[in-house]
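structure-v5.txt (compact mmCIF, N, CA and C atoms) appears below.
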# COMPACT_ATOMS: atom_id res chain seq x y z
N MET A 1 0.85 -1.17 0.00
CA MET A 1 0.00 0.00 0.00
C MET A 1 0.90 1.24 0.00
N LYS A 2 0.44 2.27 -0.67
CA LYS A 2 1.15 3.55 -0.69
C LYS A 2 0.47 4.48 0.31
N ILE A 3 1.28 5.05 1.21
CA ILE A 3 0.72 5.96 2.21
C ILE A 3 1.44 7.31 2.15
N LEU A 4 0.68 8.36 2.38
CA LEU A 4 1.22 9.71 2.47
C LEU A 4 1.01 10.18 3.90
N LEU A 5 2.07 10.66 4.51
CA LEU A 5 2.01 11.11 5.90
C LEU A 5 1.70 12.60 5.96
N ASP A 6 0.69 12.94 6.74
CA ASP A 6 0.43 14.35 7.03
C ASP A 6 1.68 14.90 7.72
N THR A 7 1.89 16.19 7.64
CA THR A 7 3.13 16.78 8.15
C THR A 7 3.37 16.47 9.62
N HIS A 8 2.35 16.55 10.46
CA HIS A 8 2.57 16.27 11.87
C HIS A 8 2.90 14.80 12.10
N ILE A 9 2.28 13.90 11.35
CA ILE A 9 2.59 12.47 11.45
C ILE A 9 4.03 12.24 11.00
N LEU A 10 4.42 12.89 9.92
CA LEU A 10 5.79 12.79 9.42
C LEU A 10 6.80 13.22 10.48
N LEU A 11 6.56 14.37 11.09
CA LEU A 11 7.47 14.87 12.12
C LEU A 11 7.51 13.92 13.32
N TRP A 12 6.36 13.43 13.75
CA TRP A 12 6.32 12.51 14.88
C TRP A 12 7.06 11.22 14.55
N ALA A 13 6.92 10.73 13.33
CA ALA A 13 7.60 9.49 12.93
C ALA A 13 9.11 9.68 12.90
N LEU A 14 9.56 10.79 12.35
CA LEU A 14 10.99 11.03 12.22
C LEU A 14 11.68 11.26 13.56
N THR A 15 10.93 11.79 14.52
CA THR A 15 11.51 12.10 15.84
C THR A 15 11.14 11.05 16.89
N ASP A 16 10.45 10.00 16.47
CA ASP A 16 9.99 8.95 17.39
C ASP A 16 9.21 9.56 18.56
N ASP A 17 8.37 10.51 18.22
CA ASP A 17 7.57 11.23 19.22
C ASP A 17 6.50 10.30 19.78
N PRO A 18 6.28 10.33 21.09
CA PRO A 18 5.24 9.48 21.68
C PRO A 18 3.82 9.84 21.23
N HIS A 19 3.64 10.99 20.61
CA HIS A 19 2.32 11.36 20.09
C HIS A 19 1.93 10.52 18.87
N LEU A 20 2.91 9.88 18.22
CA LEU A 20 2.62 9.09 17.03
C LEU A 20 1.72 7.92 17.41
N PRO A 21 0.49 7.90 16.88
CA PRO A 21 -0.43 6.80 17.20
C PRO A 21 0.12 5.45 16.74
N SER A 22 -0.18 4.42 17.50
CA SER A 22 0.35 3.08 17.18
C SER A 22 -0.15 2.60 15.82
N LYS A 23 -1.36 2.98 15.41
CA LYS A 23 -1.86 2.59 14.08
C LYS A 23 -0.98 3.19 12.98
N ALA A 24 -0.55 4.43 13.17
CA ALA A 24 0.32 5.08 12.19
C ALA A 24 1.69 4.41 12.19
N ARG A 25 2.21 4.12 13.36
CA ARG A 25 3.52 3.48 13.47
C ARG A 25 3.53 2.13 12.74
N ARG A 26 2.47 1.35 12.91
CA ARG A 26 2.38 0.04 12.24
C ARG A 26 2.36 0.21 10.72
N LEU A 27 1.63 1.19 10.22
CA LEU A 27 1.59 1.44 8.78
C LEU A 27 2.97 1.83 8.25
N ILE A 28 3.64 2.71 8.97
CA ILE A 28 4.94 3.21 8.54
C ILE A 28 5.99 2.10 8.58
N GLU A 29 5.94 1.28 9.59
CA GLU A 29 6.96 0.23 9.76
C GLU A 29 6.68 -1.02 8.94
N ASN A 30 5.49 -1.13 8.35
CA ASN A 30 5.15 -2.31 7.56
C ASN A 30 5.98 -2.30 6.27
N PRO A 31 6.82 -3.31 6.07
CA PRO A 31 7.69 -3.31 4.88
C PRO A 31 6.92 -3.45 3.57
N ASP A 32 5.65 -3.83 3.63
CA ASP A 32 4.83 -3.93 2.42
C ASP A 32 4.30 -2.57 1.97
N ASN A 33 4.43 -1.56 2.81
CA ASN A 33 3.94 -0.22 2.49
C ASN A 33 5.07 0.66 1.97
N THR A 34 4.74 1.53 1.04
CA THR A 34 5.66 2.55 0.55
C THR A 34 5.22 3.87 1.17
N VAL A 35 6.16 4.50 1.87
CA VAL A 35 5.84 5.72 2.62
C VAL A 35 6.28 6.95 1.82
N PHE A 36 5.35 7.88 1.68
CA PHE A 36 5.60 9.13 0.98
C PHE A 36 5.41 10.31 1.92
N TYR A 37 6.12 11.39 1.59
CA TYR A 37 5.83 12.70 2.18
C TYR A 37 5.59 13.62 1.01
N SER A 38 4.73 14.58 1.20
CA SER A 38 4.44 15.54 0.15
C SER A 38 5.51 16.62 0.14
N ILE A 39 5.85 17.10 -1.03
CA ILE A 39 6.77 18.24 -1.13
C ILE A 39 6.19 19.45 -0.40
N VAL A 40 4.91 19.40 -0.14
CA VAL A 40 4.24 20.46 0.61
C VAL A 40 4.71 20.48 2.08
N SER A 41 5.06 19.32 2.63
CA SER A 41 5.46 19.27 4.05
C SER A 41 6.71 20.08 4.35
N PRO A 42 7.81 19.96 3.59
CA PRO A 42 8.95 20.84 3.87
C PRO A 42 8.61 22.33 3.72
N TRP A 43 7.76 22.63 2.77
CA TRP A 43 7.31 24.03 2.57
C TRP A 43 6.57 24.50 3.83
N GLU A 44 5.64 23.68 4.31
CA GLU A 44 4.87 24.02 5.52
C GLU A 44 5.80 24.18 6.72
N VAL A 45 6.73 23.26 6.88
CA VAL A 45 7.67 23.30 8.01
C VAL A 45 8.52 24.57 7.95
N GLU A 46 9.01 24.91 6.78
CA GLU A 46 9.86 26.10 6.65
C GLU A 46 9.08 27.37 6.95
N ILE A 47 7.86 27.47 6.48
CA ILE A 47 7.03 28.64 6.78
C ILE A 47 6.80 28.75 8.29
N LYS A 48 6.51 27.64 8.94
CA LYS A 48 6.28 27.66 10.39
C LYS A 48 7.56 27.94 11.16
N ARG A 49 8.69 27.44 10.67
CA ARG A 49 9.97 27.69 11.33
C ARG A 49 10.33 29.17 11.25
N LEU A 50 10.10 29.77 10.08
CA LEU A 50 10.41 31.18 9.92
C LEU A 50 9.51 32.06 10.80
N ALA A 51 8.27 31.66 10.96
CA ALA A 51 7.32 32.43 11.77
C ALA A 51 7.53 32.21 13.27
N HIS A 52 7.92 30.98 13.65
CA HIS A 52 8.04 30.62 15.07
C HIS A 52 9.28 29.75 15.28
N PRO A 53 10.48 30.33 15.19
CA PRO A 53 11.69 29.52 15.25
C PRO A 53 11.86 28.74 16.56
N LYS A 54 11.32 29.24 17.65
CA LYS A 54 11.45 28.53 18.93
C LYS A 54 10.55 27.29 18.99
N GLU A 55 9.47 27.31 18.23
CA GLU A 55 8.53 26.19 18.23
C GLU A 55 8.86 25.16 17.16
N MET A 56 9.56 25.58 16.10
CA MET A 56 9.86 24.68 14.99
C MET A 56 11.36 24.80 14.68
N ALA A 57 12.14 24.03 15.39
CA ALA A 57 13.60 24.10 15.22
C ALA A 57 14.06 23.46 13.92
N LEU A 58 13.30 22.53 13.40
CA LEU A 58 13.65 21.80 12.19
C LEU A 58 13.29 22.60 10.95
N GLY A 59 14.22 22.72 10.01
CA GLY A 59 13.95 23.41 8.76
C GLY A 59 13.66 22.44 7.64
N ALA A 60 13.32 22.99 6.49
CA ALA A 60 12.94 22.18 5.32
C ALA A 60 14.07 21.26 4.86
N GLU A 61 15.29 21.79 4.79
CA GLU A 61 16.40 20.96 4.31
C GLU A 61 16.66 19.78 5.24
N GLU A 62 16.62 20.04 6.53
CA GLU A 62 16.82 18.95 7.50
C GLU A 62 15.71 17.91 7.36
N LEU A 63 14.48 18.38 7.22
CA LEU A 63 13.35 17.46 7.09
C LEU A 63 13.53 16.55 5.88
N VAL A 64 13.88 17.12 4.75
CA VAL A 64 14.07 16.34 3.53
C VAL A 64 15.21 15.33 3.72
N GLY A 65 16.27 15.75 4.40
CA GLY A 65 17.38 14.84 4.68
C GLY A 65 16.96 13.66 5.54
N TYR A 66 16.19 13.93 6.58
CA TYR A 66 15.70 12.86 7.46
C TYR A 66 14.75 11.93 6.71
N CYS A 67 13.95 12.50 5.83
CA CYS A 67 13.04 11.67 5.03
C CYS A 67 13.84 10.72 4.13
N ALA A 68 14.89 11.24 3.52
CA ALA A 68 15.73 10.41 2.66
C ALA A 68 16.39 9.29 3.47
N GLU A 69 16.92 9.63 4.65
CA GLU A 69 17.54 8.63 5.52
C GLU A 69 16.55 7.54 5.92
N SER A 70 15.29 7.92 6.07
CA SER A 70 14.26 6.98 6.49
C SER A 70 13.68 6.16 5.34
N GLY A 71 14.08 6.51 4.12
CA GLY A 71 13.58 5.78 2.96
C GLY A 71 12.21 6.25 2.49
N PHE A 72 11.79 7.43 2.94
CA PHE A 72 10.51 7.97 2.52
C PHE A 72 10.69 8.63 1.14
N HIS A 73 9.66 8.55 0.34
CA HIS A 73 9.68 9.08 -1.03
C HIS A 73 8.94 10.41 -1.10
N CYS A 74 9.47 11.32 -1.89
CA CYS A 74 8.85 12.63 -2.06
C CYS A 74 7.77 12.57 -3.15
N LEU A 75 6.60 13.10 -2.82
CA LEU A 75 5.50 13.18 -3.77
C LEU A 75 5.36 14.63 -4.23
N PRO A 76 5.61 14.90 -5.50
CA PRO A 76 5.49 16.27 -5.99
C PRO A 76 4.03 16.69 -6.13
N VAL A 77 3.81 17.98 -6.26
CA VAL A 77 2.48 18.49 -6.58
C VAL A 77 2.41 18.63 -8.09
N ARG A 78 1.38 18.02 -8.66
CA ARG A 78 1.18 18.08 -10.11
C ARG A 78 -0.13 18.82 -10.41
N GLU A 79 -0.30 19.16 -11.66
CA GLU A 79 -1.48 19.92 -12.08
C GLU A 79 -2.77 19.22 -11.68
N GLU A 80 -2.86 17.92 -11.86
CA GLU A 80 -4.10 17.22 -11.55
C GLU A 80 -4.46 17.31 -10.06
N HIS A 81 -3.44 17.43 -9.20
CA HIS A 81 -3.71 17.62 -7.77
C HIS A 81 -4.40 18.96 -7.55
N ILE A 82 -3.88 19.97 -8.21
CA ILE A 82 -4.44 21.32 -8.08
C ILE A 82 -5.86 21.37 -8.62
N PHE A 83 -6.09 20.70 -9.74
CA PHE A 83 -7.42 20.71 -10.35
C PHE A 83 -8.47 20.07 -9.45
N LEU A 84 -8.07 19.13 -8.60
CA LEU A 84 -9.02 18.45 -7.71
C LEU A 84 -9.48 19.31 -6.53
N LEU A 85 -8.75 20.38 -6.25
CA LEU A 85 -9.09 21.21 -5.08
C LEU A 85 -10.55 21.65 -5.09
N GLY A 86 -11.05 22.01 -6.24
CA GLY A 86 -12.42 22.50 -6.35
C GLY A 86 -13.48 21.44 -6.11
N SER A 87 -13.09 20.19 -6.16
CA SER A 87 -14.09 19.12 -5.99
C SER A 87 -14.06 18.48 -4.60
N LEU A 88 -13.21 18.97 -3.71
CA LEU A 88 -13.19 18.42 -2.35
C LEU A 88 -14.54 18.65 -1.68
N GLN A 89 -15.05 17.62 -1.06
CA GLN A 89 -16.34 17.70 -0.36
C GLN A 89 -16.14 17.39 1.12
N ARG A 90 -16.93 18.06 1.96
CA ARG A 90 -16.89 17.79 3.40
C ARG A 90 -18.22 17.21 3.84
N GLU A 91 -18.16 16.45 4.92
CA GLU A 91 -19.38 15.91 5.51
C GLU A 91 -20.27 17.07 5.94
N PRO A 92 -21.60 16.89 5.79
CA PRO A 92 -22.50 17.94 6.27
C PRO A 92 -22.25 18.22 7.76
N LEU A 93 -22.30 19.45 8.12
CA LEU A 93 -22.11 19.93 9.49
C LEU A 93 -20.67 19.83 9.99
N SER A 94 -19.73 19.46 9.12
CA SER A 94 -18.32 19.46 9.52
C SER A 94 -17.85 20.89 9.66
N PRO A 95 -17.03 21.16 10.66
CA PRO A 95 -16.49 22.52 10.77
C PRO A 95 -15.61 22.85 9.57
N PRO A 96 -15.48 24.11 9.24
CA PRO A 96 -14.66 24.49 8.08
C PRO A 96 -13.20 24.07 8.27
N HIS A 97 -12.56 23.81 7.16
CA HIS A 97 -11.14 23.46 7.15
C HIS A 97 -10.51 24.18 5.97
N ARG A 98 -9.64 25.11 6.27
CA ARG A 98 -9.10 25.96 5.20
C ARG A 98 -7.59 25.81 5.01
N ASP A 99 -6.98 24.87 5.68
CA ASP A 99 -5.53 24.71 5.60
C ASP A 99 -5.14 24.28 4.18
N PRO A 100 -4.46 25.14 3.42
CA PRO A 100 -4.14 24.80 2.03
C PRO A 100 -3.16 23.64 1.91
N PHE A 101 -2.28 23.46 2.88
CA PHE A 101 -1.34 22.35 2.83
C PHE A 101 -2.08 21.02 2.94
N ASP A 102 -2.98 20.93 3.90
CA ASP A 102 -3.76 19.70 4.07
C ASP A 102 -4.64 19.42 2.86
N ARG A 103 -5.26 20.45 2.34
CA ARG A 103 -6.17 20.27 1.21
C ARG A 103 -5.43 19.70 -0.01
N ILE A 104 -4.25 20.21 -0.30
CA ILE A 104 -3.53 19.70 -1.47
C ILE A 104 -3.05 18.27 -1.22
N MET A 105 -2.70 17.93 0.03
CA MET A 105 -2.29 16.56 0.32
C MET A 105 -3.45 15.58 0.16
N VAL A 106 -4.65 15.99 0.54
CA VAL A 106 -5.82 15.14 0.31
C VAL A 106 -6.00 14.92 -1.20
N CYS A 107 -5.83 15.98 -1.98
CA CYS A 107 -5.97 15.85 -3.43
C CYS A 107 -4.87 14.97 -4.03
N GLN A 108 -3.66 15.07 -3.52
CA GLN A 108 -2.59 14.20 -3.99
C GLN A 108 -2.96 12.73 -3.78
N CYS A 109 -3.49 12.43 -2.61
CA CYS A 109 -3.88 11.04 -2.29
C CYS A 109 -5.04 10.58 -3.16
N ALA A 110 -6.03 11.44 -3.31
CA ALA A 110 -7.19 11.07 -4.12
C ALA A 110 -6.79 10.81 -5.56
N SER A 111 -5.90 11.61 -6.08
CA SER A 111 -5.47 11.48 -7.47
C SER A 111 -4.56 10.27 -7.69
N ASP A 112 -3.67 10.02 -6.73
CA ASP A 112 -2.61 9.02 -6.93
C ASP A 112 -2.86 7.71 -6.18
N ASN A 113 -4.05 7.55 -5.62
CA ASN A 113 -4.42 6.31 -4.93
C ASN A 113 -3.49 6.00 -3.76
N LEU A 114 -3.31 6.99 -2.90
CA LEU A 114 -2.55 6.82 -1.68
C LEU A 114 -3.50 6.94 -0.49
N LEU A 115 -3.09 6.40 0.63
CA LEU A 115 -3.83 6.54 1.88
C LEU A 115 -3.21 7.70 2.64
N PHE A 116 -4.01 8.69 3.01
CA PHE A 116 -3.52 9.87 3.73
C PHE A 116 -3.64 9.63 5.22
N VAL A 117 -2.51 9.50 5.89
CA VAL A 117 -2.47 9.19 7.32
C VAL A 117 -2.37 10.50 8.09
N THR A 118 -3.39 10.77 8.90
CA THR A 118 -3.47 12.03 9.64
C THR A 118 -4.05 11.82 11.03
N HIS A 119 -3.75 12.77 11.90
CA HIS A 119 -4.34 12.79 13.24
C HIS A 119 -5.15 14.08 13.43
N ASP A 120 -5.40 14.77 12.35
CA ASP A 120 -6.12 16.04 12.36
C ASP A 120 -7.62 15.76 12.17
N ALA A 121 -8.39 15.99 13.20
CA ALA A 121 -9.83 15.70 13.16
C ALA A 121 -10.55 16.52 12.10
N LEU A 122 -10.07 17.71 11.77
CA LEU A 122 -10.71 18.51 10.72
C LEU A 122 -10.57 17.86 9.36
N ILE A 123 -9.46 17.19 9.10
CA ILE A 123 -9.28 16.51 7.83
C ILE A 123 -10.25 15.34 7.71
N ALA A 124 -10.55 14.71 8.82
CA ALA A 124 -11.48 13.58 8.81
C ALA A 124 -12.86 13.99 8.31
N GLY A 125 -13.15 15.28 8.25
CA GLY A 125 -14.43 15.76 7.76
C GLY A 125 -14.58 15.73 6.25
N TYR A 126 -13.49 15.47 5.52
CA TYR A 126 -13.60 15.33 4.07
C TYR A 126 -14.21 13.97 3.74
N THR A 127 -14.93 13.92 2.65
CA THR A 127 -15.65 12.68 2.31
C THR A 127 -14.80 11.70 1.52
N ASP A 128 -13.61 12.07 1.12
CA ASP A 128 -12.79 11.19 0.29
C ASP A 128 -12.33 9.96 1.07
N PRO A 129 -12.47 8.78 0.51
CA PRO A 129 -12.10 7.55 1.22
C PRO A 129 -10.59 7.37 1.39
N CYS A 130 -9.78 8.24 0.80
CA CYS A 130 -8.33 8.10 0.95
C CYS A 130 -7.84 8.52 2.33
N ILE A 131 -8.68 9.13 3.14
CA ILE A 131 -8.26 9.66 4.44
C ILE A 131 -8.34 8.57 5.49
N PHE A 132 -7.23 8.40 6.20
CA PHE A 132 -7.13 7.43 7.30
C PHE A 132 -6.77 8.19 8.57
N PHE A 133 -7.77 8.38 9.42
CA PHE A 133 -7.59 9.11 10.66
C PHE A 133 -7.07 8.16 11.73
N VAL A 134 -5.93 8.50 12.33
CA VAL A 134 -5.35 7.66 13.38
C VAL A 134 -5.38 8.37 14.71
I'd like the structure from this file rewritten - as structure tokens, please.
Amino acid sequence: MKILLDTHILLWALTDDPHLPSKARRLIENPDNTVFYSIVSPWEVEIKRLAHPKEMALGAEELVGYCAESGFHCLPVREEHIFLLGSLQREPLSPPHRDPFDRIMVCQCASDNLLFVTHDALIAGYTDPCIFFV
């Protein structure tokens, strides 16, 4: 199975953070799965690091290096991912979710048949079956 890690799951996995849910850890460690990170994740990390350096010590280059060491594959953003943004649907009565990084990662998974591993309850409000809330 091909899985894409949401940025927070990616960071928790790389740092062996105790916040990483055991379901996510099992998916990541399963040798039958191919683990991806979106090129959007280093972008998101760098923006957050620049805005809050004390809260985000890790920069984009370091993140990409750790991903390579871990054997994670980079998933680029392609035109078809962008085109899907307009068709994202949310469950009725779900609270709004406007995070552009998360939205494009959902579209990447929907387009490329990946499972999106997240711990963000707002993302769980999308109707796409590619989302795996842990």
message = Which of chain A end up as alpha helix (DSSP H) when DSSP is run on this backbone - answer as an NGL selection string?
response = :A and (7-14 or 22-29 or 40-51 or 60-70 or 79-84 or 100-112)
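Minimum atom-to-atom distance to Thr7 in chain A, evaluated using only N, CA and C atoms, belongs to A:Val40 out of A:Leu93, A:Ala110, A:Ala60, A:Val40.
Remark: for Trp43 in chain A, the closest of the candidate residues A:Gly86, A:Glu62, A:Asp120, A:His97 is A:Glu62 (distances computed over only C-alpha atoms).
Using all atoms listed in the file, the shortest contact distance between Ile39 in chain A and any of A:Ile82, A:Cys67, A:Cys107, A:Leu75 is found at A:Leu75.
Residue nearest Gly71 in chain A, chosen from A:Thr127, A:Thr34, A:Thr15, A:Thr118 and counting all atoms listed in the file: A:Thr34.
Among the candidates A:Ala124, A:Leu10, A:Val77, A:Val35, the one nearest to Arg90 in chain A when counting all atoms listed in the file is A:Ala124.
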DSSP strand (DSSP E) residues within range 5-61 of chain A, as a short mmCIF file (atom, residue, chain, number, x, y, z; two decimals) with N, CA and C atoms, keeping the file's coordinate frame:
data_model
loop_
_atom_site.label_atom_id
_atom_site.label_comp_id
_atom_site.auth_asym_id
_atom_site.auth_seq_id
_atom_site.Cartn_x
_atom_site.Cartn_y
_atom_site.Cartn_z
N LEU A 5 2.07 10.66 4.51
CA LEU A 5 2.01 11.11 5.90
C LEU A 5 1.70 12.60 5.96
N THR A 34 4.74 1.53 1.04
CA THR A 34 5.66 2.55 0.55
C THR A 34 5.22 3.87 1.17
N VAL A 35 6.16 4.50 1.87
CA VAL A 35 5.84 5.72 2.62
C VAL A 35 6.28 6.95 1.82
N PHE A 36 5.35 7.88 1.68
CA PHE A 36 5.60 9.13 0.98
C PHE A 36 5.41 10.31 1.92
N TYR A 37 6.12 11.39 1.59
CA TYR A 37 5.83 12.70 2.18
C TYR A 37 5.59 13.62 1.01
N SER A 38 4.73 14.58 1.20
CA SER A 38 4.44 15.54 0.15
C SER A 38 5.51 16.62 0.14
#
task = Pick out the residues sitting within 10 Å of Arg98 in chain A, and hand them over as a list in words; count only C-alpha atoms, and ignore anything fewer than 4 positions along from it in its own chain.
result = Asp102, Arg103, Leu122 and Ile123 of chain A
Counting only C-alpha atoms, the option among A:Pro18, A:Tyr126, A:Phe133, A:Val117 closest to Pro96 in chain A = A:Tyr126
task = Can you work out the spacing between CA of Ile28 in chain A and CA of Ala13 in chain A in Å, to one decimal?
result = 8.1 Å
